[in-house]
Amino acid sequence: MSGMRRLIPTGEAARPVAFTEAPPPVPAPDEALVKVEAFAPNRGETFLLEHPEPGLLPGKDIAGLVVQAAADGSGPALGTRVAGHPAQGGWAEYAAVPTHSLAPLPDGVDSVRAAALPLAGITALRLLRTAGSLAGTRVLLTGASGGVGHYVTELAVAAGAELTAVTATPERGARLQELGAQVVHEVAAAHGPFDVVLESTGGPDLPAAVARTRPGGLVVWFGQASRTPATLDFFALLGGPERVTLRHFHYAGAPYGPDLSTLVRLVEQGRLHPEIGRTADWADTSGTLVDLRERRIRGKAVLLTGGTR
C-alpha cells in the first residue's frame with residue numbers, strides 16, 4: 001500500500017479542508033486498519049478547523065472494512081465491516097482505530113447510517129444514563145435539531161419521557177415532532193417545570209432553562225452551540241427553583257465499542273433511526289462543513305469515499 005488520500009485543514013473559512021497524498025497509517029498493536037467507506041463530520045469539528053492546531057488530522061466518526069486486524073489479536077477479524085470512533089484521522093481512505101472503539105456491523109446496517117452513529121449516538125446514550133430513569137419524567141432538550149438531539153429524542157420518548165425539544169425553526173423540528181417530541185422554538189416558550197433539562201446552547205438559554213427546572217431537578221449542560229458564554233445570577237436563582245443540580249457533561253471516555261455496539265443493535269432492530277440530512281461524495285466535504293457550521297443541515301451529514309454498502 002503505497003499511499004492514500006486524506007483531508008487536511010486549510011485554515012480557510014470557505015474551504016476548510018483540502019485533499020493531500022499521505023502514507024497510510026501504521027496501526028499500533030491494539031489498532032485495526034480500516035478502509036473508510038463513509039465518515040460523518042460533527043459541528044464541533046468545524047470549530048476546530050477555524051484555527052487548526054499544527055498536525056490536526058480531523059475525523060472521529062467512520063464506517064468501513066477491516067483490512068488489517070490488530071496485531072495483538074483483539075477486535076474484529078480481517079474483512080469485518082465496522083463502525084469506528086478513532087481519536088482523529090478518519091477523513092481519509094484508511095484509518096487506524098483502537099479495537100476498543102470499533103463495533104462490527106450486521107448486514108442490515110449500511111455504512112452511511114453506521115458512520116452517523118459514533119460521537120452523536122454515544123453522547124446521547126451517555127447523556128440519558130446521566131439523566132437516570134426517564135419513565136414519566138418531563139424533559140427539556142435545547143439545540144435539539146442536530147445529530148445528538150435526534151438520538152436523544154427518539155431514545156428518551158421510547159423510555160417514557162415527555163420531551164420538549166427547542167429548535168430554531170419549524171422545519172428543523174419537524175422530524176423531532178414525528179418522533180414524539182413537543183417542539184418549541186425558544187426556551188421561553190417551553191412550559192415547565194421540567195424534571196430534567198439537557199442544555200447544549202449556552203448563552204441566555206442556560207439560565208432560561210434553569211428557571212424552568214422543578215425544585216430538586218437536574219440540569220445537564222453538555223454544549224455551547226451558540227458559542228456565547230452563559231451567565232447565572234445567584235440571586236435570580238434564589239427566586240426560582242430551589243436545590244437544582246447543575247452538572248457539566250462531556251461524552252468522552254474510552255472504551256467506545258460497547259456503546260457503539262448498542263447503537264448498531266438498536267438500528268438493526270428498527271428502534272433507532274439516524275437522521276441524515278445530507279449524503280454526498282467526499283469531494284464535497286468543504287461545502288458540507290460550511291453548511292454544518294452554519295446550521296443548514298438537519299441531523300447528520302455523511303460523506304462517501306467510494307465503495308459504500
# chains A, B, ... in the order shown; residues from 1 in each chain; ligands from 1
$ residues_around --residues "A:Pro229" --least-positions-apart "6" --cutoff "9 Å" --atoms "only C-alpha atoms" --output "VMD selection string"
chain A and resid 202 to 204
$ select_by_dssp --residues "stretch 43-197 of chain A" --states "helix (DSSP H, G or I)" --output "PyMOL selection string"
chain A and resi 43-48+99-101+111-115+118-131+147-158+170-178+187-189
$ closest_residue --among "A:Ala131, A:Leu179, A:Val302, A:Leu272" --to "A:Ala63" --atoms "only C-alpha atoms"
A:Val302
$ closest_residue --among "A:Leu266, A:Leu292, A:Ala161, A:Ala211" --to "A:Leu246" --atoms "only C-alpha atoms"
A:Ala211
$ closest_residue --among "A:Ala70, A:Leu33, A:Ala103, A:Ala135" --to "A:Gly89" --atoms "only C-alpha atoms"
A:Leu33
$ atom_distance --atom1 "atom CA of A:Leu163" --atom2 "atom CA of A:Ala188"
15.4 Å
$ closest_residue --among "A:Gly64, A:Gly216, A:Gly299, A:Pro52" --to "A:Ala13" --atoms "only C-alpha atoms"
A:Pro52
$ select_by_dssp --residues "stretch 273-305 of chain A" --states "strand (DSSP E)" --output "JSON, numbers by chain"
{"A": [276, 277, 278, 279, 280, 281, 300, 301, 302, 303, 304]}
$ write_last_selection --atoms "C-alpha atoms" --output "PDB file, in the first residue's frame"
ATOM      1  CA  ILE A 276     -29.157  12.114   7.927  1.00  0.00           C
ATOM      2  CA  GLY A 277     -29.763  15.491   6.357  1.00  0.00           C
ATOM      3  CA  ARG A 278     -27.146  15.129   3.640  1.00  0.00           C
ATOM      4  CA  THR A 279     -25.201  12.344   1.942  1.00  0.00           C
ATOM      5  CA  ALA A 280     -22.502  13.401  -0.534  1.00  0.00           C
ATOM      6  CA  ASP A 281     -19.218  12.380  -2.113  1.00  0.00           C
ATOM      7  CA  LYS A 300     -26.078  14.371  10.448  1.00  0.00           C
ATOM      8  CA  ALA A 301     -24.114  14.749   7.213  1.00  0.00           C
ATOM      9  CA  VAL A 302     -22.308  11.719   5.785  1.00  0.00           C
ATOM     10  CA  LEU A 303     -19.511  11.820   3.188  1.00  0.00           C
ATOM     11  CA  LEU A 304     -18.704   8.820   0.979  1.00  0.00           C
TER      12      LEU A 304
END
$ closest_residue --among "A:Val34, A:Asn42, A:Thr228, A:Arg172" --to "A:Gly79" --atoms "only C-alpha atoms"
A:Val34
